$ cat start_31.txt   # compact mmCIF, N, CA and C atoms
# COMPACT_ATOMS: atom_id res chain seq x y z
N MET A 1270 62.20 -109.55 132.70
CA MET A 1270 63.55 -109.61 132.17
C MET A 1270 63.56 -109.54 130.64
N GLN A 1271 62.49 -110.04 129.98
CA GLN A 1271 62.45 -110.02 128.52
C GLN A 1271 62.52 -108.61 127.96
N THR A 1272 61.93 -107.66 128.65
CA THR A 1272 61.94 -106.29 128.15
C THR A 1272 63.35 -105.71 128.12
N MET A 1273 64.23 -106.21 128.97
CA MET A 1273 65.61 -105.72 128.99
C MET A 1273 66.34 -106.07 127.70
N TYR A 1274 65.93 -107.18 127.06
CA TYR A 1274 66.56 -107.55 125.79
C TYR A 1274 66.36 -106.46 124.73
N TRP A 1275 65.18 -105.83 124.76
CA TRP A 1275 64.92 -104.76 123.80
C TRP A 1275 65.84 -103.57 124.06
N LEU A 1276 66.06 -103.29 125.34
CA LEU A 1276 66.95 -102.18 125.69
C LEU A 1276 68.38 -102.49 125.28
N VAL A 1277 68.81 -103.73 125.51
CA VAL A 1277 70.16 -104.16 125.08
C VAL A 1277 70.28 -104.07 123.56
N LEU A 1278 69.24 -104.56 122.85
CA LEU A 1278 69.25 -104.49 121.39
C LEU A 1278 69.30 -103.04 120.92
N PHE A 1279 68.55 -102.17 121.58
CA PHE A 1279 68.57 -100.74 121.24
C PHE A 1279 69.98 -100.17 121.36
N VAL A 1280 70.64 -100.46 122.46
CA VAL A 1280 72.00 -99.93 122.70
C VAL A 1280 72.97 -100.50 121.66
N ILE A 1281 72.90 -101.79 121.39
CA ILE A 1281 73.79 -102.41 120.39
C ILE A 1281 73.59 -101.78 119.02
N LEU A 1282 72.32 -101.63 118.60
CA LEU A 1282 72.04 -101.04 117.30
C LEU A 1282 72.49 -99.59 117.24
N LEU A 1283 72.34 -98.87 118.33
CA LEU A 1283 72.78 -97.48 118.38
C LEU A 1283 74.31 -97.39 118.26
N ILE A 1284 75.01 -98.28 118.93
CA ILE A 1284 76.47 -98.30 118.85
C ILE A 1284 76.92 -98.62 117.42
N ILE A 1285 76.27 -99.59 116.80
CA ILE A 1285 76.61 -99.94 115.40
C ILE A 1285 76.38 -98.73 114.50
N GLU A 1286 75.27 -98.03 114.71
CA GLU A 1286 74.97 -96.85 113.88
C GLU A 1286 76.01 -95.76 114.08
N ILE A 1287 76.42 -95.54 115.31
CA ILE A 1287 77.43 -94.51 115.60
C ILE A 1287 78.76 -94.88 114.95
N LEU A 1288 79.11 -96.16 114.98
CA LEU A 1288 80.38 -96.59 114.39
C LEU A 1288 80.38 -96.55 112.87
N THR A 1289 79.24 -96.85 112.26
CA THR A 1289 79.21 -96.93 110.80
C THR A 1289 78.70 -95.66 110.13
N MET A 1290 77.83 -94.92 110.79
CA MET A 1290 77.21 -93.72 110.22
C MET A 1290 76.62 -93.98 108.85
N GLY A 1291 76.08 -95.19 108.67
CA GLY A 1291 75.55 -95.55 107.37
C GLY A 1291 74.04 -95.47 107.27
N LEU A 1292 73.37 -94.99 108.30
CA LEU A 1292 71.91 -94.94 108.33
C LEU A 1292 71.32 -96.30 108.01
N THR A 1293 71.83 -97.33 108.66
CA THR A 1293 71.32 -98.67 108.40
C THR A 1293 70.62 -99.28 109.61
N THR A 1294 71.07 -99.01 110.80
CA THR A 1294 70.49 -99.66 111.97
C THR A 1294 69.67 -98.72 112.84
N ILE A 1295 69.69 -97.44 112.55
CA ILE A 1295 68.99 -96.48 113.40
C ILE A 1295 67.49 -96.74 113.42
N TRP A 1296 66.94 -97.19 112.28
CA TRP A 1296 65.50 -97.44 112.19
C TRP A 1296 65.11 -98.59 113.11
N PHE A 1297 65.96 -99.60 113.17
CA PHE A 1297 65.69 -100.77 114.01
C PHE A 1297 65.92 -100.44 115.49
N ALA A 1298 66.84 -99.52 115.75
CA ALA A 1298 67.04 -99.07 117.13
C ALA A 1298 65.77 -98.38 117.62
N GLY A 1299 65.14 -97.59 116.79
CA GLY A 1299 63.88 -96.96 117.15
C GLY A 1299 62.79 -97.98 117.42
N GLY A 1300 62.73 -99.01 116.58
CA GLY A 1300 61.76 -100.09 116.79
C GLY A 1300 62.01 -100.83 118.09
N ALA A 1301 63.29 -101.07 118.41
CA ALA A 1301 63.64 -101.76 119.67
C ALA A 1301 63.26 -100.90 120.87
N LEU A 1302 63.46 -99.60 120.77
CA LEU A 1302 63.11 -98.71 121.89
C LEU A 1302 61.60 -98.72 122.14
N ILE A 1303 60.81 -98.67 121.08
CA ILE A 1303 59.36 -98.68 121.24
C ILE A 1303 58.90 -100.06 121.74
N ALA A 1304 59.54 -101.14 121.28
CA ALA A 1304 59.21 -102.48 121.78
C ALA A 1304 59.54 -102.58 123.28
N PHE A 1305 60.62 -101.95 123.69
CA PHE A 1305 60.97 -101.90 125.12
C PHE A 1305 59.87 -101.21 125.91
N VAL A 1306 59.40 -100.09 125.39
CA VAL A 1306 58.31 -99.35 126.06
C VAL A 1306 57.06 -100.23 126.14
N ALA A 1307 56.76 -100.96 125.05
CA ALA A 1307 55.60 -101.87 125.07
C ALA A 1307 55.77 -102.93 126.14
N GLY A 1308 56.98 -103.43 126.32
CA GLY A 1308 57.25 -104.42 127.36
C GLY A 1308 57.08 -103.86 128.75
N VAL A 1309 57.54 -102.62 128.94
CA VAL A 1309 57.40 -101.96 130.24
C VAL A 1309 55.91 -101.75 130.56
N LEU A 1310 55.12 -101.49 129.54
CA LEU A 1310 53.68 -101.28 129.74
C LEU A 1310 52.92 -102.59 129.96
N GLY A 1311 53.64 -103.73 129.86
CA GLY A 1311 53.01 -105.01 130.19
C GLY A 1311 52.54 -105.83 129.01
N PHE A 1312 52.81 -105.40 127.79
CA PHE A 1312 52.40 -106.18 126.63
C PHE A 1312 53.28 -107.42 126.51
N GLY A 1313 52.72 -108.47 125.93
CA GLY A 1313 53.43 -109.75 125.79
C GLY A 1313 54.51 -109.71 124.73
N THR A 1314 55.27 -110.80 124.66
CA THR A 1314 56.40 -110.91 123.74
C THR A 1314 55.97 -110.79 122.28
N ILE A 1315 54.85 -111.45 121.94
CA ILE A 1315 54.38 -111.40 120.55
C ILE A 1315 54.05 -109.97 120.16
N VAL A 1316 53.36 -109.25 121.02
CA VAL A 1316 53.02 -107.85 120.74
C VAL A 1316 54.29 -107.01 120.62
N GLN A 1317 55.26 -107.26 121.49
CA GLN A 1317 56.52 -106.52 121.44
C GLN A 1317 57.23 -106.75 120.10
N MET A 1318 57.23 -108.00 119.63
CA MET A 1318 57.87 -108.31 118.34
C MET A 1318 57.15 -107.62 117.19
N ILE A 1319 55.83 -107.64 117.23
CA ILE A 1319 55.05 -106.97 116.18
C ILE A 1319 55.32 -105.47 116.21
N VAL A 1320 55.35 -104.89 117.40
CA VAL A 1320 55.64 -103.45 117.54
C VAL A 1320 57.03 -103.16 116.97
N PHE A 1321 58.02 -103.99 117.28
CA PHE A 1321 59.38 -103.80 116.78
C PHE A 1321 59.39 -103.77 115.25
N VAL A 1322 58.77 -104.77 114.64
CA VAL A 1322 58.78 -104.86 113.17
C VAL A 1322 58.02 -103.70 112.54
N VAL A 1323 56.82 -103.43 113.05
CA VAL A 1323 55.99 -102.37 112.46
C VAL A 1323 56.65 -101.00 112.59
N VAL A 1324 57.14 -100.68 113.78
CA VAL A 1324 57.77 -99.37 113.99
C VAL A 1324 59.04 -99.25 113.15
N SER A 1325 59.83 -100.31 113.09
CA SER A 1325 61.07 -100.27 112.29
C SER A 1325 60.76 -100.02 110.82
N VAL A 1326 59.76 -100.73 110.29
CA VAL A 1326 59.40 -100.56 108.87
C VAL A 1326 58.85 -99.16 108.61
N ILE A 1327 58.00 -98.69 109.52
CA ILE A 1327 57.44 -97.34 109.34
C ILE A 1327 58.56 -96.29 109.37
N LEU A 1328 59.47 -96.40 110.33
CA LEU A 1328 60.59 -95.45 110.39
C LEU A 1328 61.44 -95.52 109.13
N LEU A 1329 61.67 -96.72 108.65
CA LEU A 1329 62.48 -96.92 107.45
C LEU A 1329 61.81 -96.27 106.24
N ILE A 1330 60.54 -96.52 106.05
CA ILE A 1330 59.82 -96.01 104.87
C ILE A 1330 59.62 -94.50 104.94
N VAL A 1331 59.24 -94.00 106.11
CA VAL A 1331 58.87 -92.59 106.22
C VAL A 1331 60.08 -91.67 106.35
N THR A 1332 61.05 -92.04 107.18
CA THR A 1332 62.12 -91.08 107.47
C THR A 1332 63.40 -91.30 106.69
N ARG A 1333 63.63 -92.49 106.15
CA ARG A 1333 64.90 -92.74 105.46
C ARG A 1333 65.11 -91.82 104.25
N PRO A 1334 64.12 -91.66 103.36
CA PRO A 1334 64.35 -90.75 102.22
C PRO A 1334 64.71 -89.34 102.64
N ILE A 1335 64.09 -88.85 103.70
CA ILE A 1335 64.39 -87.50 104.20
C ILE A 1335 65.81 -87.46 104.76
N ALA A 1336 66.15 -88.46 105.55
CA ALA A 1336 67.48 -88.49 106.16
C ALA A 1336 68.58 -88.62 105.10
N VAL A 1337 68.37 -89.46 104.12
CA VAL A 1337 69.37 -89.64 103.07
C VAL A 1337 69.55 -88.34 102.30
N LYS A 1338 68.46 -87.64 102.05
CA LYS A 1338 68.54 -86.37 101.32
C LYS A 1338 69.41 -85.36 102.05
N TYR A 1339 69.24 -85.26 103.37
CA TYR A 1339 69.96 -84.24 104.13
C TYR A 1339 71.35 -84.70 104.59
N PHE A 1340 71.53 -85.98 104.87
CA PHE A 1340 72.82 -86.44 105.37
C PHE A 1340 73.81 -86.73 104.26
N ASN A 1341 73.35 -86.96 103.04
CA ASN A 1341 74.27 -87.27 101.94
C ASN A 1341 74.50 -86.08 101.02
N LYS A 1342 74.18 -84.89 101.50
CA LYS A 1342 74.39 -83.69 100.69
C LYS A 1342 75.84 -83.52 100.27
N GLU A 1343 76.74 -83.77 101.18
CA GLU A 1343 78.16 -83.54 100.94
C GLU A 1343 78.87 -84.78 100.39
N ARG A 1344 78.10 -85.75 99.88
CA ARG A 1344 78.69 -86.97 99.37
C ARG A 1344 79.62 -86.65 98.20
N GLN A 1345 80.79 -87.18 98.28
CA GLN A 1345 81.80 -86.97 97.24
C GLN A 1345 81.50 -87.89 96.06
N LYS A 1346 81.44 -87.32 94.88
CA LYS A 1346 81.25 -88.14 93.70
C LYS A 1346 82.48 -89.00 93.49
N THR A 1347 82.27 -90.18 92.89
CA THR A 1347 83.42 -91.01 92.54
C THR A 1347 84.13 -90.35 91.37
N ASN A 1348 85.35 -90.79 91.10
CA ASN A 1348 86.09 -90.23 89.97
C ASN A 1348 85.30 -90.35 88.68
N ALA A 1349 84.68 -91.49 88.48
CA ALA A 1349 83.93 -91.71 87.25
C ALA A 1349 82.71 -90.79 87.17
N GLU A 1350 81.98 -90.65 88.26
CA GLU A 1350 80.80 -89.78 88.25
C GLU A 1350 81.16 -88.33 87.96
N SER A 1351 82.34 -87.92 88.39
CA SER A 1351 82.74 -86.53 88.20
C SER A 1351 83.02 -86.21 86.73
N LEU A 1352 83.12 -87.23 85.88
CA LEU A 1352 83.38 -87.00 84.46
C LEU A 1352 82.13 -86.57 83.70
N ILE A 1353 80.96 -86.90 84.22
CA ILE A 1353 79.71 -86.58 83.53
C ILE A 1353 79.59 -85.08 83.37
N GLY A 1354 79.30 -84.67 82.12
CA GLY A 1354 79.17 -83.25 81.80
C GLY A 1354 80.46 -82.63 81.27
N GLN A 1355 81.58 -83.33 81.44
CA GLN A 1355 82.85 -82.80 80.95
C GLN A 1355 83.04 -83.14 79.46
N GLN A 1356 84.05 -82.50 78.87
CA GLN A 1356 84.34 -82.72 77.46
C GLN A 1356 85.53 -83.66 77.31
N ALA A 1357 85.53 -84.43 76.24
CA ALA A 1357 86.62 -85.35 75.95
C ALA A 1357 86.92 -85.29 74.45
N LEU A 1358 88.07 -85.82 74.07
CA LEU A 1358 88.49 -85.85 72.67
C LEU A 1358 88.44 -87.29 72.17
N VAL A 1359 87.83 -87.50 71.02
CA VAL A 1359 87.73 -88.83 70.44
C VAL A 1359 89.09 -89.21 69.85
N LEU A 1360 89.69 -90.31 70.34
CA LEU A 1360 90.98 -90.80 69.85
C LEU A 1360 90.82 -91.83 68.74
N GLU A 1361 89.74 -92.57 68.78
CA GLU A 1361 89.45 -93.62 67.80
C GLU A 1361 87.98 -93.49 67.44
N ASP A 1362 87.67 -93.55 66.15
CA ASP A 1362 86.28 -93.42 65.73
C ASP A 1362 85.36 -94.25 66.63
N ILE A 1363 84.27 -93.63 67.02
CA ILE A 1363 83.30 -94.34 67.85
C ILE A 1363 82.25 -94.94 66.94
N ASP A 1364 82.07 -96.24 67.07
CA ASP A 1364 81.04 -96.97 66.32
C ASP A 1364 80.36 -97.91 67.32
N THR A 1365 79.22 -97.49 67.80
CA THR A 1365 78.53 -98.24 68.84
C THR A 1365 78.13 -99.63 68.37
N LEU A 1366 77.73 -99.75 67.11
CA LEU A 1366 77.31 -101.07 66.61
C LEU A 1366 78.47 -102.07 66.58
N GLN A 1367 79.69 -101.59 66.33
CA GLN A 1367 80.85 -102.48 66.30
C GLN A 1367 81.62 -102.48 67.62
N SER A 1368 81.08 -101.81 68.60
CA SER A 1368 81.71 -101.70 69.93
C SER A 1368 83.14 -101.18 69.85
N LYS A 1369 83.35 -100.13 69.07
CA LYS A 1369 84.66 -99.50 68.93
C LYS A 1369 84.57 -98.06 69.40
N GLY A 1370 85.68 -97.54 69.83
CA GLY A 1370 85.75 -96.13 70.16
C GLY A 1370 86.47 -95.88 71.46
N ARG A 1371 87.34 -94.85 71.43
CA ARG A 1371 88.07 -94.44 72.63
C ARG A 1371 88.08 -92.94 72.68
N VAL A 1372 88.03 -92.42 73.91
CA VAL A 1372 88.14 -90.99 74.13
C VAL A 1372 89.19 -90.75 75.19
N GLU A 1373 89.70 -89.52 75.22
CA GLU A 1373 90.66 -89.13 76.25
C GLU A 1373 90.08 -87.97 77.04
N ILE A 1374 90.18 -88.11 78.36
CA ILE A 1374 89.75 -87.04 79.25
C ILE A 1374 90.70 -87.01 80.44
N ASN A 1375 91.18 -85.86 80.78
CA ASN A 1375 92.11 -85.68 81.90
C ASN A 1375 93.32 -86.62 81.79
N GLY A 1376 93.80 -86.83 80.57
CA GLY A 1376 94.97 -87.68 80.37
C GLY A 1376 94.70 -89.17 80.45
N GLN A 1377 93.45 -89.56 80.60
CA GLN A 1377 93.09 -90.97 80.67
C GLN A 1377 92.27 -91.37 79.45
N GLU A 1378 92.53 -92.60 78.99
CA GLU A 1378 91.77 -93.13 77.87
C GLU A 1378 90.63 -93.99 78.39
N TRP A 1379 89.48 -93.81 77.77
CA TRP A 1379 88.29 -94.57 78.13
C TRP A 1379 87.66 -95.15 76.88
N SER A 1380 87.07 -96.34 77.01
CA SER A 1380 86.22 -96.86 75.94
C SER A 1380 84.97 -95.99 75.93
N ALA A 1381 84.41 -95.82 74.73
CA ALA A 1381 83.24 -94.95 74.64
C ALA A 1381 82.24 -95.50 73.65
N LYS A 1382 81.00 -95.11 73.85
CA LYS A 1382 79.95 -95.39 72.88
C LYS A 1382 79.02 -94.19 72.88
N THR A 1383 78.12 -94.16 71.92
CA THR A 1383 77.24 -93.01 71.79
C THR A 1383 75.81 -93.45 71.59
N ASP A 1384 74.90 -92.58 71.96
CA ASP A 1384 73.48 -92.80 71.70
C ASP A 1384 73.03 -91.96 70.51
N GLU A 1385 74.00 -91.41 69.76
CA GLU A 1385 73.68 -90.63 68.56
C GLU A 1385 72.87 -91.53 67.62
N PRO A 1386 71.99 -90.94 66.79
CA PRO A 1386 71.13 -91.75 65.92
C PRO A 1386 71.88 -92.74 65.02
N ASP A 1387 73.01 -92.33 64.47
CA ASP A 1387 73.74 -93.26 63.59
C ASP A 1387 74.78 -94.09 64.35
N GLY A 1388 74.96 -93.80 65.62
CA GLY A 1388 75.87 -94.58 66.46
C GLY A 1388 77.34 -94.36 66.14
N ARG A 1389 77.68 -93.25 65.46
CA ARG A 1389 79.06 -93.00 65.07
C ARG A 1389 79.48 -91.57 65.40
N ILE A 1390 80.74 -91.43 65.82
CA ILE A 1390 81.35 -90.11 65.99
C ILE A 1390 82.80 -90.26 65.52
N GLU A 1391 83.25 -89.32 64.69
CA GLU A 1391 84.58 -89.42 64.09
C GLU A 1391 85.69 -89.01 65.04
N LYS A 1392 86.90 -89.51 64.73
CA LYS A 1392 88.12 -89.19 65.48
C LYS A 1392 88.33 -87.68 65.49
N ASN A 1393 88.95 -87.18 66.57
CA ASN A 1393 89.27 -85.77 66.79
C ASN A 1393 88.06 -84.88 67.02
N THR A 1394 86.89 -85.47 67.25
CA THR A 1394 85.69 -84.71 67.59
C THR A 1394 85.68 -84.49 69.10
N VAL A 1395 85.29 -83.29 69.49
CA VAL A 1395 85.12 -83.03 70.92
C VAL A 1395 83.72 -83.49 71.29
N VAL A 1396 83.65 -84.28 72.36
CA VAL A 1396 82.37 -84.83 72.80
C VAL A 1396 82.10 -84.43 74.25
N VAL A 1397 80.84 -84.55 74.64
CA VAL A 1397 80.42 -84.30 76.01
C VAL A 1397 80.00 -85.64 76.61
N ILE A 1398 80.41 -85.89 77.84
CA ILE A 1398 80.10 -87.15 78.50
C ILE A 1398 78.73 -87.04 79.15
N ASP A 1399 77.81 -87.92 78.72
CA ASP A 1399 76.44 -87.91 79.24
C ASP A 1399 76.23 -88.92 80.36
N GLY A 1400 77.07 -89.94 80.41
CA GLY A 1400 76.87 -90.96 81.44
C GLY A 1400 77.95 -92.02 81.37
N ILE A 1401 77.80 -93.01 82.23
CA ILE A 1401 78.75 -94.12 82.29
C ILE A 1401 77.94 -95.40 82.34
N GLN A 1402 78.32 -96.36 81.53
CA GLN A 1402 77.65 -97.65 81.53
C GLN A 1402 78.74 -98.71 81.62
N GLY A 1403 78.87 -99.31 82.79
CA GLY A 1403 79.95 -100.26 83.01
C GLY A 1403 81.28 -99.53 82.97
N VAL A 1404 82.14 -99.91 82.01
CA VAL A 1404 83.44 -99.26 81.88
C VAL A 1404 83.50 -98.35 80.65
N LYS A 1405 82.34 -98.06 80.07
CA LYS A 1405 82.30 -97.20 78.89
C LYS A 1405 81.61 -95.89 79.20
N LEU A 1406 82.18 -94.83 78.62
CA LEU A 1406 81.54 -93.52 78.72
C LEU A 1406 80.50 -93.42 77.62
N ILE A 1407 79.37 -92.83 77.95
CA ILE A 1407 78.33 -92.55 76.96
C ILE A 1407 78.52 -91.09 76.56
N VAL A 1408 78.80 -90.85 75.28
CA VAL A 1408 79.15 -89.51 74.83
C VAL A 1408 78.24 -89.06 73.69
N ARG A 1409 78.25 -87.76 73.47
CA ARG A 1409 77.58 -87.17 72.31
C ARG A 1409 78.47 -86.06 71.78
N ALA A 1410 78.35 -85.81 70.51
CA ALA A 1410 79.16 -84.74 69.90
C ALA A 1410 78.77 -83.40 70.52
N ARG A 1411 79.80 -82.60 70.83
CA ARG A 1411 79.55 -81.28 71.39
C ARG A 1411 78.92 -80.41 70.31
N GLU A 1412 77.90 -79.65 70.71
CA GLU A 1412 77.26 -78.75 69.77
C GLU A 1412 78.11 -77.51 69.62
N GLU A 1413 78.33 -77.10 68.40
CA GLU A 1413 79.12 -75.91 68.12
C GLU A 1413 78.32 -74.68 68.49
N LYS A 1414 78.96 -73.74 69.19
CA LYS A 1414 78.29 -72.49 69.55
C LYS A 1414 78.44 -71.50 68.42
N ALA A 1415 77.34 -70.85 68.08
CA ALA A 1415 77.35 -69.90 66.98
C ALA A 1415 77.74 -68.53 67.43

$ encode --input "start_31.txt" --output "structure tokens"
Amino acid sequence: MQTMYWLVLFVILLIIEILTMGLTTIWFAGGALIAFVAGVLGFGTIVQMIVFVVVSVILLIVTRPIAVKYFNKERQKTNAESLIGQQALVLEDIDTLQSKGRVEINGQEWSAKTDEPDGRIEKNTVVVIDGIQGVKLIVRAREEKA
């Protein structure tokens, strides 16, 4: 009867995975299935538990990076992530040392700072967004094309 618990656990984990599609329980469902097979083959409870843990960890380590790469291809960037690489206009002088500076992009104002060597960018400069740190955009002055 103990081996049936593994089968029940497998089904529960599979249902959770189907409902969430988060690639969180599928690895443990695989471990439960193999532990069930170990139980059917006559191995004891301790061996079944070790098989469950070992197989789950191996599946997690080996297959998760591959699965995440292929299943998250169509992941929608958040609004903030979509700003990276775009241009913005400096509304208030940016001075990273004094924690001052605002930029406007797509009609929205954002606090900004820069990694420029002097830590300053003047008002009305067009900048490129390199990243986001908390609620501040990390910007650099746009290079003029010759």

$ closest_residue --input "start_31.txt" --among "A:Ser1325, A:Gln1271, A:Thr1383, A:Thr1394" --to "A:Val1359" --atoms "only C-alpha atoms"
A:Thr1394

$ atom_distance --input "start_31.txt" --atom1 "atom CA of A:Ala1336" --atom2 "atom N of A:Thr1294"
12.0 Å

$ residues_around --input "start_31.txt" --residues "A:Phe1321" --least-positions-apart "4" --cutoff "7 Å" --atoms "only N, CA and C atoms" --output "short mmCIF file (atom, residue, chain, number, x, y, z; two decimals) with N, CA and C atoms, in the frame of the given file"
data_model
loop_
_atom_site.label_atom_id
_atom_site.label_comp_id
_atom_site.auth_asym_id
_atom_site.auth_seq_id
_atom_site.Cartn_x
_atom_site.Cartn_y
_atom_site.Cartn_z
N GLY A 1299 65.14 -97.59 116.79
CA GLY A 1299 63.88 -96.96 117.15
C GLY A 1299 62.79 -97.98 117.42
N GLY A 1300 62.73 -99.01 116.58
CA GLY A 1300 61.76 -100.09 116.79
C GLY A 1300 62.01 -100.83 118.09
N ALA A 1301 63.29 -101.07 118.41
CA ALA A 1301 63.64 -101.76 119.67
C ALA A 1301 63.26 -100.90 120.87
N ILE A 1303 60.81 -98.67 121.08
CA ILE A 1303 59.36 -98.68 121.24
C ILE A 1303 58.90 -100.06 121.74
N ALA A 1304 59.54 -101.14 121.28
CA ALA A 1304 59.21 -102.48 121.78
C ALA A 1304 59.54 -102.58 123.28
N VAL A 1316 53.36 -109.25 121.02
CA VAL A 1316 53.02 -107.85 120.74
C VAL A 1316 54.29 -107.01 120.62
N GLN A 1317 55.26 -107.26 121.49
CA GLN A 1317 56.52 -106.52 121.44
C GLN A 1317 57.23 -106.75 120.10
N SER A 1325 59.83 -100.31 113.09
CA SER A 1325 61.07 -100.27 112.29
C SER A 1325 60.76 -100.02 110.82
N VAL A 1326 59.76 -100.73 110.29
CA VAL A 1326 59.40 -100.56 108.87
C VAL A 1326 58.85 -99.16 108.61
#

$ residues_around --input "start_31.txt" --residues "A:Ile1374" --least-positions-apart "5" --cutoff "8 Å" --atoms "all atoms listed in the file" --output "PyMOL selection string"
chain A and resi 1355-1359+1379

$ select_by_dssp --input "start_31.txt" --residues "chain A" --states "alpha helix (DSSP H)" --output "ChimeraX atom specification"
/A:1271-1289,1295-1309,1314-1340

$ atom_distance --input "start_31.txt" --atom1 "atom C of A:Phe1297" --atom2 "atom N of A:Tyr1339"
19.7 Å

$ atom_distance --input "start_31.txt" --atom1 "atom C of A:Lys1382" --atom2 "atom CA of A:Glu1413"
18.9 Å

$ select_by_dssp --input "start_31.txt" --residues "chain A" --states "strand (DSSP E or B)" --output "compact mmCIF listing (two decimals) with N, CA and C atoms, in the coordinates of the input"
# COMPACT_ATOMS: atom_id res chain seq x y z
N GLN A 1356 84.05 -82.50 78.87
CA GLN A 1356 84.34 -82.72 77.46
C GLN A 1356 85.53 -83.66 77.31
N ALA A 1357 85.53 -84.43 76.24
CA ALA A 1357 86.62 -85.35 75.95
C ALA A 1357 86.92 -85.29 74.45
N LEU A 1358 88.07 -85.82 74.07
CA LEU A 1358 88.49 -85.85 72.67
C LEU A 1358 88.44 -87.29 72.17
N VAL A 1359 87.83 -87.50 71.02
CA VAL A 1359 87.73 -88.83 70.44
C VAL A 1359 89.09 -89.21 69.85
N LEU A 1360 89.69 -90.31 70.34
CA LEU A 1360 90.98 -90.80 69.85
C LEU A 1360 90.82 -91.83 68.74
N GLU A 1361 89.74 -92.57 68.78
CA GLU A 1361 89.45 -93.62 67.80
C GLU A 1361 87.98 -93.49 67.44
N ASP A 1362 87.67 -93.55 66.15
CA ASP A 1362 86.28 -93.42 65.73
C ASP A 1362 85.36 -94.25 66.63
N ILE A 1363 84.27 -93.63 67.02
CA ILE A 1363 83.30 -94.34 67.85
C ILE A 1363 82.25 -94.94 66.94
N ASP A 1364 82.07 -96.24 67.07
CA ASP A 1364 81.04 -96.97 66.32
C ASP A 1364 80.36 -97.91 67.32
N LYS A 1369 83.35 -100.13 69.07
CA LYS A 1369 84.66 -99.50 68.93
C LYS A 1369 84.57 -98.06 69.40
N GLY A 1370 85.68 -97.54 69.83
CA GLY A 1370 85.75 -96.13 70.16
C GLY A 1370 86.47 -95.88 71.46
N ARG A 1371 87.34 -94.85 71.43
CA ARG A 1371 88.07 -94.44 72.63
C ARG A 1371 88.08 -92.94 72.68
N VAL A 1372 88.03 -92.42 73.91
CA VAL A 1372 88.14 -90.99 74.13
C VAL A 1372 89.19 -90.75 75.19
N GLU A 1373 89.70 -89.52 75.22
CA GLU A 1373 90.66 -89.13 76.25
C GLU A 1373 90.08 -87.97 77.04
N ILE A 1374 90.18 -88.11 78.36
CA ILE A 1374 89.75 -87.04 79.25
C ILE A 1374 90.70 -87.01 80.44
N GLN A 1377 93.45 -89.56 80.60
CA GLN A 1377 93.09 -90.97 80.67
C GLN A 1377 92.27 -91.37 79.45
N GLU A 1378 92.53 -92.60 78.99
CA GLU A 1378 91.77 -93.13 77.87
C GLU A 1378 90.63 -93.99 78.39
N TRP A 1379 89.48 -93.81 77.77
CA TRP A 1379 88.29 -94.57 78.13
C TRP A 1379 87.66 -95.15 76.88
N SER A 1380 87.07 -96.34 77.01
CA SER A 1380 86.22 -96.86 75.94
C SER A 1380 84.97 -95.99 75.93
N ALA A 1381 84.41 -95.82 74.73
CA ALA A 1381 83.24 -94.95 74.64
C ALA A 1381 82.24 -95.50 73.65
N LYS A 1382 81.00 -95.11 73.85
CA LYS A 1382 79.95 -95.39 72.88
C LYS A 1382 79.02 -94.19 72.88
N THR A 1383 78.12 -94.16 71.92
CA THR A 1383 77.24 -93.01 71.79
C THR A 1383 75.81 -93.45 71.59
N ARG A 1389 77.68 -93.25 65.46
CA ARG A 1389 79.06 -93.00 65.07
C ARG A 1389 79.48 -91.57 65.40
N ILE A 1390 80.74 -91.43 65.82
CA ILE A 1390 81.35 -90.11 65.99
C ILE A 1390 82.80 -90.26 65.52
N VAL A 1395 85.29 -83.29 69.49
CA VAL A 1395 85.12 -83.03 70.92
C VAL A 1395 83.72 -83.49 71.29
N VAL A 1396 83.65 -84.28 72.36
CA VAL A 1396 82.37 -84.83 72.80
C VAL A 1396 82.10 -84.43 74.25
N VAL A 1397 80.84 -84.55 74.64
CA VAL A 1397 80.42 -84.30 76.01
C VAL A 1397 80.00 -85.64 76.61
N ILE A 1398 80.41 -85.89 77.84
CA ILE A 1398 80.10 -87.15 78.50
C ILE A 1398 78.73 -87.04 79.15
N ASP A 1399 77.81 -87.92 78.72
CA ASP A 1399 76.44 -87.91 79.24
C ASP A 1399 76.23 -88.92 80.36
N GLY A 1400 77.07 -89.94 80.41
CA GLY A 1400 76.87 -90.96 81.44
C GLY A 1400 77.95 -92.02 81.37
N ILE A 1401 77.80 -93.01 82.23
CA ILE A 1401 78.75 -94.12 82.29
C ILE A 1401 77.94 -95.40 82.34
N GLN A 1402 78.32 -96.36 81.53
CA GLN A 1402 77.65 -97.65 81.53
C GLN A 1402 78.74 -98.71 81.62
N LYS A 1405 82.34 -98.06 80.07
CA LYS A 1405 82.30 -97.20 78.89
C LYS A 1405 81.61 -95.89 79.20
N LEU A 1406 82.18 -94.83 78.62
CA LEU A 1406 81.54 -93.52 78.72
C LEU A 1406 80.50 -93.42 77.62
N ILE A 1407 79.37 -92.83 77.95
CA ILE A 1407 78.33 -92.55 76.96
C ILE A 1407 78.52 -91.09 76.56
N VAL A 1408 78.80 -90.85 75.28
CA VAL A 1408 79.15 -89.51 74.83
C VAL A 1408 78.24 -89.06 73.69
N ARG A 1409 78.25 -87.76 73.47
CA ARG A 1409 77.58 -87.17 72.31
C ARG A 1409 78.47 -86.06 71.78
N ALA A 1410 78.35 -85.81 70.51
CA ALA A 1410 79.16 -84.74 69.90
C ALA A 1410 78.77 -83.40 70.52

$ residues_around --input "start_31.txt" --residues "A:Leu1329" --least-positions-apart "5" --cutoff "7 Å" --atoms "only N, CA and C atoms" --output "number ranges by chain"
A: 1296-1297, 1324, 1334

$ residues_around --input "start_31.txt" --residues "stretch 1369-1372 of chain A" --least-positions-apart "6" --cutoff "12 Å" --atoms "only C-alpha atoms" --output "PyMOL selection string"
chain A and resi 1355-1363+1378-1383+1388-1398+1404-1410
